[in-house]
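Shown below: final_15.txt, with compact mmCIF, C-alpha atoms.
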```txt
# COMPACT_ATOMS: atom_id res chain seq x y z
CA MET C 4 -3.28 -17.77 -0.89
CA ALA C 5 -2.74 -14.69 -2.95
CA SER C 6 -3.59 -14.98 -6.59
CA GLU C 7 -0.33 -13.63 -7.89
CA ALA C 8 3.17 -14.64 -7.02
CA ALA C 9 4.57 -12.57 -4.22
CA ASN C 10 7.35 -10.34 -5.30
CA PRO C 11 9.29 -9.08 -2.32
CA GLY C 12 11.97 -6.89 -3.68
CA GLY C 13 10.80 -7.86 -7.15
CA ALA C 14 12.30 -7.38 -10.58
CA GLY C 15 12.58 -3.64 -10.29
CA THR C 16 14.14 -3.65 -6.86
CA VAL C 17 16.68 -0.96 -6.24
CA ALA C 18 18.25 -2.35 -3.09
CA SER C 19 20.91 -4.99 -2.65
CA HIS C 20 19.21 -5.98 0.60
CA PRO C 21 15.44 -5.77 1.08
CA TRP C 22 15.80 -3.91 4.38
CA VAL C 23 18.27 -1.33 3.20
CA PRO C 24 16.72 1.82 1.77
CA VAL C 25 18.37 3.34 -1.27
CA PRO C 26 18.63 7.12 -1.45
CA PHE C 27 16.40 8.75 -4.04
CA SER C 28 16.14 12.44 -4.72
CA VAL C 29 12.87 14.24 -5.29
CA GLN C 30 12.73 15.31 -8.94
CA GLU C 31 9.30 16.86 -8.99
CA ARG C 32 6.41 17.57 -6.67
CA VAL C 33 2.90 18.22 -7.98
CA SER C 34 0.24 19.41 -5.58
CA GLU C 35 -2.96 17.42 -6.11
CA THR C 36 -5.20 18.71 -3.31
CA ALA C 37 -4.76 20.60 -0.06
CA ASP C 38 -3.29 17.50 1.59
CA THR C 39 -2.13 15.32 -1.30
CA ALA C 40 0.88 15.56 -3.60
CA THR C 41 2.47 13.45 -6.30
CA ILE C 42 6.24 13.15 -6.09
CA SER C 43 8.73 11.76 -8.59
CA LEU C 44 11.81 10.07 -7.18
CA ALA C 45 15.05 9.11 -8.95
CA PRO C 46 18.05 7.23 -7.49
CA THR C 47 20.85 9.54 -6.43
CA ARG C 48 23.29 7.07 -8.00
CA SER C 49 22.58 6.15 -11.59
CA GLY C 50 21.71 2.54 -12.12
CA GLY C 51 19.53 0.33 -14.26
CA ARG C 52 16.06 1.19 -15.32
CA LEU C 53 13.40 0.99 -12.65
CA SER C 54 10.47 -1.32 -13.16
CA PHE C 55 7.46 -2.46 -11.19
CA ALA C 56 4.11 -4.14 -11.66
CA PRO C 57 0.99 -1.94 -11.46
CA GLY C 58 -0.37 -2.29 -7.94
CA GLN C 59 2.98 -2.73 -6.19
CA PHE C 60 4.24 -0.40 -3.48
CA ASN C 61 7.50 0.96 -2.18
CA MET C 62 8.55 1.65 1.38
CA LEU C 63 9.42 5.35 1.52
CA TYR C 64 11.72 6.45 4.30
CA VAL C 65 11.95 10.05 5.45
CA PHE C 66 15.26 10.09 7.27
CA GLY C 67 14.83 10.84 10.91
CA VAL C 68 11.05 10.59 10.72
CA GLY C 69 10.06 7.11 9.64
CA GLU C 70 9.02 4.76 6.87
CA VAL C 71 5.62 4.10 5.25
CA PRO C 72 4.32 1.92 2.41
CA ILE C 73 3.08 3.95 -0.55
CA SER C 74 1.70 2.51 -3.77
CA ILE C 75 3.41 3.45 -6.99
CA SER C 76 1.13 5.71 -9.00
CA GLY C 77 3.20 6.33 -12.13
CA ASP C 78 3.57 4.55 -15.44
CA ALA C 79 4.89 0.99 -15.19
CA GLU C 80 6.96 1.32 -18.35
CA PRO C 81 10.58 0.91 -17.21
CA GLY C 82 12.07 4.32 -16.54
CA ASP C 83 14.36 6.33 -14.34
CA ARG C 84 11.97 7.29 -11.56
CA PHE C 85 9.21 6.13 -9.27
CA VAL C 86 6.07 8.23 -8.92
CA HIS C 87 4.05 8.19 -5.71
CA THR C 88 0.94 10.04 -4.64
CA VAL C 89 0.95 10.78 -0.93
CA ARG C 90 -1.75 12.10 1.38
CA ALA C 91 -0.64 13.80 4.57
CA VAL C 92 -2.41 11.80 7.27
CA GLY C 93 0.39 10.99 9.72
CA LYS C 94 3.85 12.12 10.72
CA VAL C 95 5.72 10.34 7.92
CA SER C 96 3.21 10.98 5.17
CA ARG C 97 3.09 14.62 6.21
CA ALA C 98 6.87 14.77 5.85
CA LEU C 99 6.60 13.15 2.41
CA PHE C 100 3.87 15.62 1.44
CA ASP C 101 6.21 18.43 2.43
CA VAL C 102 9.25 17.29 0.40
CA ARG C 103 10.65 19.59 -2.24
CA PRO C 104 12.75 18.91 -5.36
CA GLY C 105 16.29 18.06 -4.31
CA ASP C 106 15.29 16.48 -1.00
CA VAL C 107 16.47 12.92 -0.48
CA VAL C 108 14.31 10.06 0.79
CA GLY C 109 14.99 6.35 1.17
CA VAL C 110 13.27 3.79 -1.03
CA ARG C 111 12.84 0.04 -0.57
CA GLY C 112 10.92 -1.97 -3.12
CA PRO C 113 8.94 -2.52 -5.18
CA TYR C 114 7.03 -5.02 -3.07
CA GLY C 115 3.82 -6.98 -3.20
CA THR C 116 1.46 -8.32 -5.81
CA GLY C 117 0.08 -6.36 -8.71
CA TRP C 118 -3.21 -6.04 -10.53
CA PRO C 119 -3.67 -9.23 -12.61
CA LEU C 120 -3.85 -7.60 -16.02
CA ALA C 121 -3.44 -10.95 -17.76
CA GLU C 122 -6.80 -11.96 -16.31
CA ALA C 123 -8.36 -8.97 -18.02
CA LEU C 124 -7.41 -9.95 -21.58
CA ASP C 125 -10.45 -9.99 -23.88
CA ARG C 126 -12.72 -9.15 -20.96
CA ASP C 127 -14.51 -6.04 -19.74
CA VAL C 128 -12.67 -4.20 -17.01
CA LEU C 129 -14.43 -2.36 -14.21
CA ILE C 130 -12.27 -0.17 -12.01
CA VAL C 131 -13.76 1.29 -8.84
CA ALA C 132 -11.61 3.69 -6.85
CA GLY C 133 -12.43 5.64 -3.73
CA GLY C 134 -10.45 8.54 -2.30
CA LEU C 135 -6.76 7.82 -2.54
CA GLY C 136 -7.58 4.49 -4.21
CA LEU C 137 -7.09 5.96 -7.66
CA PRO C 138 -3.29 6.37 -7.55
CA PRO C 139 -2.60 2.62 -7.02
CA LEU C 140 -4.89 1.88 -9.97
CA ARG C 141 -3.42 4.53 -12.25
CA PRO C 142 -0.51 2.34 -13.45
CA ALA C 143 -3.01 -0.39 -14.34
CA LEU C 144 -5.11 2.09 -16.27
CA TYR C 145 -2.03 3.24 -18.18
CA GLU C 146 -1.32 -0.38 -19.13
CA LEU C 147 -4.91 -1.04 -20.17
CA LEU C 148 -4.95 2.04 -22.37
CA ARG C 149 -1.49 1.34 -23.83
CA HIS C 150 -2.83 -2.00 -25.11
CA ARG C 151 -6.42 -0.91 -25.50
CA GLU C 152 -7.20 -3.43 -28.25
CA ARG C 153 -6.57 -6.33 -25.89
CA TYR C 154 -9.49 -5.57 -23.63
CA GLY C 155 -13.27 -5.20 -23.81
CA ARG C 156 -15.10 -2.24 -22.33
CA ILE C 157 -13.26 -0.27 -19.69
CA GLU C 158 -15.35 1.43 -17.03
CA VAL C 159 -13.88 3.53 -14.25
CA ILE C 160 -15.84 4.86 -11.29
CA TYR C 161 -13.94 7.20 -9.03
CA GLY C 162 -15.38 8.68 -5.86
CA ALA C 163 -14.00 11.28 -3.48
CA ARG C 164 -15.21 13.21 -0.49
CA THR C 165 -15.69 16.52 -2.32
CA PRO C 166 -14.68 17.92 -5.73
CA LYS C 167 -11.61 19.46 -4.11
CA ASP C 168 -10.46 16.00 -3.03
CA LEU C 169 -10.29 14.53 -6.55
CA VAL C 170 -6.66 13.69 -7.35
CA HIS C 171 -5.07 13.59 -10.83
CA TYR C 172 -7.87 15.94 -11.83
CA ALA C 173 -6.38 17.25 -15.08
CA GLU C 174 -5.60 13.73 -16.23
CA ILE C 175 -9.15 12.65 -15.40
CA GLN C 176 -10.46 15.28 -17.80
CA GLY C 177 -8.38 13.67 -20.54
CA TRP C 178 -9.68 10.22 -19.67
CA ARG C 179 -13.26 11.46 -19.63
CA ALA C 180 -12.80 12.86 -23.13
CA ARG C 181 -11.78 9.48 -24.54
CA THR C 182 -14.31 7.43 -26.44
CA ASP C 183 -12.72 4.05 -25.64
CA LEU C 184 -13.09 4.46 -21.89
CA ARG C 185 -15.95 5.52 -19.60
CA PHE C 186 -14.72 7.41 -16.59
CA GLN C 187 -17.36 8.43 -14.04
CA THR C 188 -16.53 10.65 -11.10
CA THR C 189 -18.72 11.16 -8.10
CA VAL C 190 -18.33 12.94 -4.78
CA ASP C 191 -20.01 12.51 -1.41
CA THR C 192 -21.06 16.13 -1.12
CA ALA C 193 -20.67 19.21 -3.28
CA GLY C 194 -21.57 22.83 -3.59
CA ARG C 195 -23.43 24.57 -6.41
CA ASP C 196 -20.27 24.85 -8.49
CA TRP C 197 -20.20 21.08 -9.12
CA TYR C 198 -22.31 19.78 -11.99
CA GLY C 199 -21.13 16.20 -11.74
CA ASP C 200 -22.58 13.30 -9.82
CA VAL C 201 -23.02 13.26 -6.04
CA GLY C 202 -23.32 10.02 -4.11
CA VAL C 203 -21.10 7.16 -3.02
CA VAL C 204 -19.45 5.06 -5.74
CA THR C 205 -22.07 2.33 -5.58
CA THR C 206 -24.70 4.81 -6.81
CA ARG C 207 -22.86 4.92 -10.14
CA LEU C 208 -22.86 1.16 -10.70
CA PRO C 209 -26.29 1.05 -12.37
CA ASP C 210 -24.87 3.29 -15.11
CA ALA C 211 -21.72 1.23 -15.64
CA ARG C 212 -21.68 -0.82 -18.83
CA PHE C 213 -20.17 -4.26 -18.52
CA ASP C 214 -21.04 -7.86 -19.11
CA PRO C 215 -20.82 -9.42 -15.64
CA THR C 216 -20.06 -12.85 -17.05
CA ARG C 217 -16.89 -11.58 -18.73
CA THR C 218 -15.79 -8.78 -16.45
CA VAL C 219 -12.88 -8.41 -14.11
CA ALA C 220 -13.18 -5.76 -11.41
CA PHE C 221 -10.32 -3.97 -9.65
CA LEU C 222 -11.27 -2.16 -6.44
CA CYS C 223 -9.13 0.15 -4.36
CA GLY C 224 -10.09 2.53 -1.62
CA PRO C 225 -11.28 2.49 1.98
CA GLU C 226 -11.91 -1.11 2.99
CA ILE C 227 -15.58 -0.57 3.77
CA MET C 228 -16.07 0.98 0.35
CA MET C 229 -14.45 -2.05 -1.30
CA ARG C 230 -16.49 -4.47 0.79
CA ILE C 231 -19.80 -2.83 -0.05
CA THR C 232 -18.87 -2.40 -3.70
CA ALA C 233 -17.80 -6.03 -4.00
CA GLN C 234 -21.09 -7.18 -2.45
CA GLU C 235 -22.99 -4.96 -4.84
CA LEU C 236 -21.04 -6.32 -7.82
CA VAL C 237 -21.72 -9.90 -6.77
CA GLY C 238 -25.39 -8.93 -6.76
CA ARG C 239 -24.92 -7.66 -10.30
CA GLY C 240 -23.49 -10.96 -11.42
CA ILE C 241 -19.71 -10.60 -11.23
CA PRO C 242 -18.29 -13.77 -9.61
CA PRO C 243 -16.15 -13.18 -6.48
CA GLY C 244 -13.29 -14.89 -8.30
CA SER C 245 -13.28 -12.15 -10.93
CA MET C 246 -12.69 -9.31 -8.50
CA TRP C 247 -9.47 -8.06 -6.95
CA LEU C 248 -9.04 -5.68 -4.02
CA SER C 249 -5.99 -3.83 -2.80
CA LEU C 250 -5.84 -3.97 0.97
CA GLU C 251 -4.14 -1.56 3.29
CA ARG C 252 -2.72 -2.77 6.57
CA ASN C 253 0.00 -1.79 8.98
CA MET C 254 2.97 -2.79 6.83
CA LYS C 255 6.37 -2.44 8.45
CA CYS C 256 8.97 -4.84 7.06
CA ALA C 257 7.30 -5.29 3.64
CA VAL C 258 8.86 -8.74 3.21
CA GLY C 259 6.54 -10.93 5.27
CA ILE C 260 8.62 -11.28 8.41
CA CYS C 261 7.43 -8.89 11.09
CA GLY C 262 3.77 -9.91 11.00
CA HIS C 263 2.33 -6.45 11.54
CA CYS C 264 0.19 -6.70 8.41
CA GLN C 265 -1.13 -10.20 9.02
CA PHE C 266 -4.61 -10.63 7.59
CA GLY C 267 -5.95 -14.07 8.45
CA PRO C 268 -3.47 -16.50 6.89
CA GLU C 269 -1.96 -13.84 4.65
CA PHE C 270 0.63 -11.15 5.03
CA VAL C 271 -0.64 -8.15 3.12
CA CYS C 272 2.87 -6.95 2.28
CA ARG C 273 4.01 -10.26 0.81
CA ASN C 274 0.85 -12.01 -0.41
CA GLY C 275 -0.93 -8.75 -1.27
CA PRO C 276 -1.71 -5.93 -1.27
CA VAL C 277 -3.78 -7.07 -4.28
CA PHE C 278 -5.93 -10.08 -3.40
CA ARG C 279 -8.60 -11.98 -5.26
CA TYR C 280 -11.90 -11.20 -3.52
CA SER C 281 -12.98 -14.84 -3.33
CA GLU C 282 -9.83 -15.62 -1.33
CA ILE C 283 -10.26 -12.94 1.32
CA GLU C 284 -14.02 -12.40 1.37
CA ARG C 285 -14.51 -14.47 4.50
CA PHE C 286 -11.94 -12.44 6.44
CA LEU C 287 -13.24 -8.98 5.52
CA GLY C 288 -16.09 -9.16 7.99
CA VAL C 289 -13.96 -10.49 10.84
CA ARG C 290 -13.65 -7.61 13.27
CA GLU C 291 -10.71 -9.07 15.15
CA ILE C 292 -8.46 -9.04 12.08
CA MET L 10 -43.67 23.52 -18.83
CA LYS L 11 -46.50 21.06 -18.21
CA ALA L 12 -48.09 18.77 -20.79
CA PRO L 13 -50.12 15.54 -20.77
CA GLY L 14 -47.85 12.56 -20.26
CA HIS L 15 -49.40 10.00 -22.51
CA PRO L 16 -49.79 11.28 -26.04
CA GLU L 17 -48.03 9.41 -28.80
CA GLY L 18 -44.38 10.29 -28.74
CA GLY L 19 -44.42 11.57 -25.16
CA LEU L 20 -42.98 10.06 -22.03
CA ARG L 21 -44.63 6.77 -21.17
CA LEU L 22 -45.25 5.68 -17.62
CA GLU L 23 -44.70 2.00 -18.41
CA GLU L 24 -41.28 2.78 -19.91
CA HIS L 25 -39.91 4.14 -16.66
CA ARG L 26 -37.90 1.60 -14.69
CA PHE L 27 -40.05 2.09 -11.62
CA PHE L 28 -43.33 1.11 -13.31
CA ARG L 29 -42.04 -1.35 -15.89
CA GLY L 30 -44.04 -4.60 -15.83
CA MET L 31 -46.77 -3.36 -13.52
CA ASP L 32 -50.44 -4.23 -14.03
CA GLU L 33 -51.84 -2.50 -17.11
CA GLU L 34 -55.14 -1.60 -15.45
CA PHE L 35 -53.27 -0.01 -12.58
CA LEU L 36 -51.07 1.92 -14.98
CA ALA L 37 -54.11 3.07 -16.93
CA ARG L 38 -55.57 4.60 -13.76
CA LEU L 39 -52.35 6.52 -13.18
CA ARG L 40 -51.76 7.45 -16.80
CA ASP L 41 -54.94 9.52 -16.88
CA THR L 42 -53.41 12.17 -14.67
CA ALA L 43 -49.77 11.89 -15.65
CA TYR L 44 -48.10 15.00 -17.06
CA GLU L 45 -44.75 15.88 -18.52
CA ARG L 46 -42.51 18.63 -17.35
CA SER L 47 -39.23 20.04 -18.62
CA TYR L 48 -36.75 22.01 -16.58
CA ASP L 49 -33.88 24.18 -17.72
CA THR L 50 -30.50 23.96 -16.03
CA GLY L 51 -30.69 25.58 -12.62
CA ALA L 52 -34.47 25.37 -12.29
CA LEU L 53 -35.99 24.11 -9.05
CA LEU L 54 -38.15 20.99 -9.34
CA VAL L 55 -39.21 21.06 -5.71
CA ARG L 56 -38.46 23.31 -2.79
CA GLU L 57 -37.98 22.31 0.82
CA GLY L 58 -41.08 23.01 2.90
CA ASP L 59 -43.45 23.25 -0.07
CA PRO L 60 -46.38 20.82 -0.23
CA ALA L 61 -45.27 17.54 -1.82
CA GLU L 62 -48.10 17.14 -4.27
CA GLU L 63 -46.53 14.98 -6.95
CA PHE L 64 -44.46 11.88 -7.58
CA LEU L 65 -41.78 12.69 -10.17
CA LEU L 66 -40.19 10.12 -12.48
CA LEU L 67 -36.93 11.20 -14.13
CA PHE L 68 -36.61 10.37 -17.82
CA ALA L 69 -33.74 12.63 -18.89
CA GLY L 70 -31.23 15.00 -17.36
CA LYS L 71 -29.73 15.23 -13.91
CA VAL L 72 -31.17 16.51 -10.64
CA ALA L 73 -29.32 17.56 -7.49
CA LEU L 74 -30.87 17.03 -4.07
CA GLU L 75 -29.77 19.99 -2.02
CA ILE L 76 -29.82 21.02 1.61
CA VAL L 77 -29.93 24.69 2.39
CA LEU L 78 -28.40 25.75 5.69
CA PRO L 79 -28.43 29.26 7.11
CA ASP L 80 -25.17 31.15 6.51
CA ARG L 81 -23.66 28.23 4.62
CA PRO L 82 -23.39 27.43 0.94
CA ARG L 83 -26.09 25.06 -0.22
CA MET L 84 -24.86 21.50 -0.30
CA THR L 85 -25.66 18.76 -2.81
CA ILE L 86 -26.03 15.41 -1.09
CA GLN L 87 -27.04 13.27 -4.05
CA THR L 88 -27.69 13.46 -7.75
CA LEU L 89 -30.38 11.54 -9.59
CA GLY L 90 -30.55 10.58 -13.24
CA PRO L 91 -32.81 8.93 -15.79
CA GLY L 92 -34.69 5.93 -14.42
CA GLU L 93 -34.73 7.26 -10.87
CA VAL L 94 -37.61 8.72 -8.87
CA LEU L 95 -37.73 11.89 -6.85
CA GLY L 96 -38.61 11.34 -3.26
CA TRP L 97 -41.42 9.96 -1.19
CA SER L 98 -42.47 13.04 0.78
CA TRP L 99 -45.76 12.94 -1.12
CA LEU L 100 -46.51 9.63 0.62
CA VAL L 101 -45.44 10.50 4.14
CA SER L 102 -47.36 12.93 6.30
CA PRO L 103 -47.21 15.95 6.45
CA HIS L 104 -46.56 15.70 2.70
CA ARG L 105 -43.95 18.42 2.46
CA TRP L 106 -40.64 18.29 0.62
CA ARG L 107 -37.64 17.82 2.88
CA LEU L 108 -35.04 18.91 0.34
CA ASP L 109 -34.61 21.14 -2.66
CA ALA L 110 -34.27 19.43 -6.03
CA ARG L 111 -32.56 21.39 -8.80
CA ALA L 112 -31.90 20.54 -12.43
CA LEU L 113 -28.17 20.34 -13.18
CA LYS L 114 -28.88 19.98 -16.88
CA PRO L 115 -32.04 20.13 -19.03
CA THR L 116 -34.33 17.62 -17.38
CA ARG L 117 -37.56 15.87 -18.36
CA VAL L 118 -39.87 14.25 -15.85
CA LEU L 119 -43.23 12.59 -15.77
CA GLY L 120 -45.32 13.69 -12.81
CA LEU L 121 -48.19 11.95 -11.06
CA ALA L 122 -50.56 13.93 -8.87
CA ALA L 123 -49.97 12.70 -5.33
CA SER L 124 -53.59 12.87 -4.17
CA HIS L 125 -54.73 10.77 -7.12
CA LEU L 126 -51.84 8.34 -6.69
CA ARG L 127 -52.62 7.87 -3.00
CA THR L 128 -56.28 7.26 -3.83
CA VAL L 129 -55.41 4.60 -6.43
CA LEU L 130 -52.94 2.91 -4.09
CA ASN L 131 -55.64 2.75 -1.40
CA GLU L 132 -58.25 1.42 -3.80
CA ARG L 133 -55.97 -1.27 -5.22
CA PRO L 134 -54.09 -2.66 -2.21
CA ALA L 135 -52.37 -5.43 -4.18
CA ASP L 136 -50.95 -2.92 -6.64
CA GLY L 137 -50.31 -0.58 -3.72
CA TYR L 138 -48.23 -3.31 -2.09
CA ARG L 139 -46.25 -3.91 -5.29
CA PHE L 140 -45.72 -0.17 -5.59
CA LEU L 141 -44.33 0.03 -2.05
CA ILE L 142 -42.14 -3.03 -2.67
CA ARG L 143 -40.53 -1.03 -5.48
CA LEU L 144 -40.30 2.17 -3.48
CA LEU L 145 -38.80 0.55 -0.41
CA PRO L 146 -35.45 -0.32 -2.06
CA VAL L 147 -35.17 3.30 -3.21
CA ILE L 148 -35.59 4.43 0.41
CA SER L 149 -33.30 1.70 1.69
CA GLU L 150 -30.57 2.51 -0.82
CA ARG L 151 -30.67 6.20 -0.02
CA LEU L 152 -30.54 5.45 3.70
CA GLU L 153 -27.51 3.21 3.18
CA ASN L 154 -25.80 5.80 0.99
CA THR L 155 -26.46 8.44 3.62
CA ARG L 156 -24.85 6.20 6.23
CA LEU L 157 -21.78 5.84 4.03
CA GLN L 158 -21.62 9.59 3.53
CA LEU L 159 -21.92 10.10 7.30
CA MET L 160 -19.01 7.73 7.82
CA ASP L 161 -16.93 10.03 5.65
CA LEU L 162 -15.27 6.87 4.44
CA HIS L 163 -12.86 8.63 2.12
CA GLY L 164 -11.42 10.37 5.12
CA LEU L 165 -10.87 7.12 7.03
```
Could you render the structure as structure tokens?
Amino acid sequence: MASEAANPGGAGTVASHPWVPVPFSVQERVSETADTATISLAPTRSGGRLSFAPGQFNMLYVFGVGEVPISISGDAEPGDRFVHTVRAVGKVSRALFDVRPGDVVGVRGPYGTGWPLAEALDRDVLIVAGGLGLPPLRPALYELLRHRERYGRIEVIYGARTPKDLVHYAEIQGWRARTDLRFQTTVDTAGRDWYGDVGVVTTRLPDARFDPTRTVAFLCGPEIMMRITAQELVGRGIPPGSMWLSLERNMKCAVGICGHCQFGPEFVCRNGPVFRYSEIERFLGVREI
Amino acid sequence: MKAPGHPEGGLRLEEHRFFRGMDEEFLARLRDTAYERSYDTGALLVREGDPAEEFLLLFAGKVALEIVLPDRPRMTIQTLGPGEVLGWSWLVSPHRWRLDARALKPTRVLGLAASHLRTVLNERPADGYRFLIRLLPVISERLENTRLQLMDLHGL
């Protein structure tokens, strides 16, 4: 079973019914890369403060186009808006990428499990993100840094296809300048104008500083990247029970009814998307799932 | 800049991750011909097509492995840092570099003359075997990383 209590339509839910989207208006749109944007959404009708757990997602509905699950990428401090980072890969996400301030979209959520920050208390934290895996981890990083004294070393490794595909780039520069956090970026390929590291995220692990016996690892990115990284981390001494992965599957209802996102005995929308590695490891290599 | 690699205070072969813990007699044979080099940012360490006449051990800095394609910007496919080794073209016929390697920041290496190294490996097969056992994971890791890059997994 999932390591955290499922939270369909959890504490910060904005809907009276989990299947009914609530209209939100686009407050801001920040272009991250050529195909990725971060959008801020606020309810069109004023209500209570919005809250969520880092790692949770919302179902975003572009009226007349469709609905997709998108992780929340903003600060988890209760506020008046949800922040999402969207990459245009399909019809709905393209429509979300194209929204402009004032446009209205539907929101259901927040749903799913979050990153188990309580498990990280007094321990080293290793965050490995690939591609669009950074935005779902960003709220967790905000929380870790807000209560920095509660945790040991914090190491972040973030990989992208090319330098132009790095999201939250300006913020990354701020993180890299901090002395209480090590933030490594790497890209798969680069031109001569890039003086950073080149190679997949696992090539940066030898440089990461953590005590494997007291480390929790949070991984998010393409599934094969997480699988290989988790195997590598086990080889470096981190127990499978101390790692969590955020899975992506074909989520439709988001409340564990439709079955589209079934992953072995789990529903990713309800029991995940954040799973303890030791609980799903045996299913990751099953091609039929 | 080239200088002997074993004076007091210089780079020491046995302190590089690749050679750490290897037989002292074996290391002594290699140490005799080891030399230090320093590269400024932007300098080429090796050039594709040139004879691969040395085995380079990185002690400081950062090196980009680059592919140069006609009519296209040169592309970096991997970066290497301290503790890593540069290539194995010196071991594989026809002993020519298959990539460019360029310093991305001031870089210090210890070099071993390939002809001497090959001779010592042939003369001391047990040490030669241990050497290859250490080199093989480097090759394997780079092959696996190349596979991952080919998959373009961030675009999946």
Quick one: distance from CA of Pro138 (chain C) to CA of Gly93 (chain C) in Å, one decimal? 18.3 Å
Give me, please, the distance in Å between CA of His25 (chain L) and CA of Leu67 (chain L), quoted to one decimal. 8.1 Å
Which protein, DNA or RNA residues are at most 10 Å from (-22.6, 1.8, -1.6) in the file's coordinates when you count only C-alpha atoms, listed as number ranges by chain? C: 202-208, 227-235; L: 150-151, 153-158
Measuring between all atoms listed in the file, which one of L:Asp161, L:Glu63, L:Asp109, L:Glu93 shows the shortest distance to Phe28 (chain L)?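 Smallest separation from Phe28 (chain L) among the options: L:Glu93.
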Using all atoms listed in the file, find which residues of chain C lie within 8 Å of chain L and jot them down as a list in words.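 Therefore, the residues near the partner are Gly133, Gly134, Leu135, Ala163, Arg164, Asp191, Thr192, Ala193, Gly194, Arg195, Tyr198, Asp200, Val201, Gly202, Val203, Thr206, Gly224, Pro225, Ile227 and Met228 of chain C.
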Neighbours of Ser281 (chain C) within 9 Å (only C-alpha atoms; same-chain residues fewer than 3 positions away dropped), as a list in words?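 Here the answer would be Pro242, Pro243, Gly244, Ser245, Met246, Trp247, Phe278, Glu284 and Arg285 of chain C.
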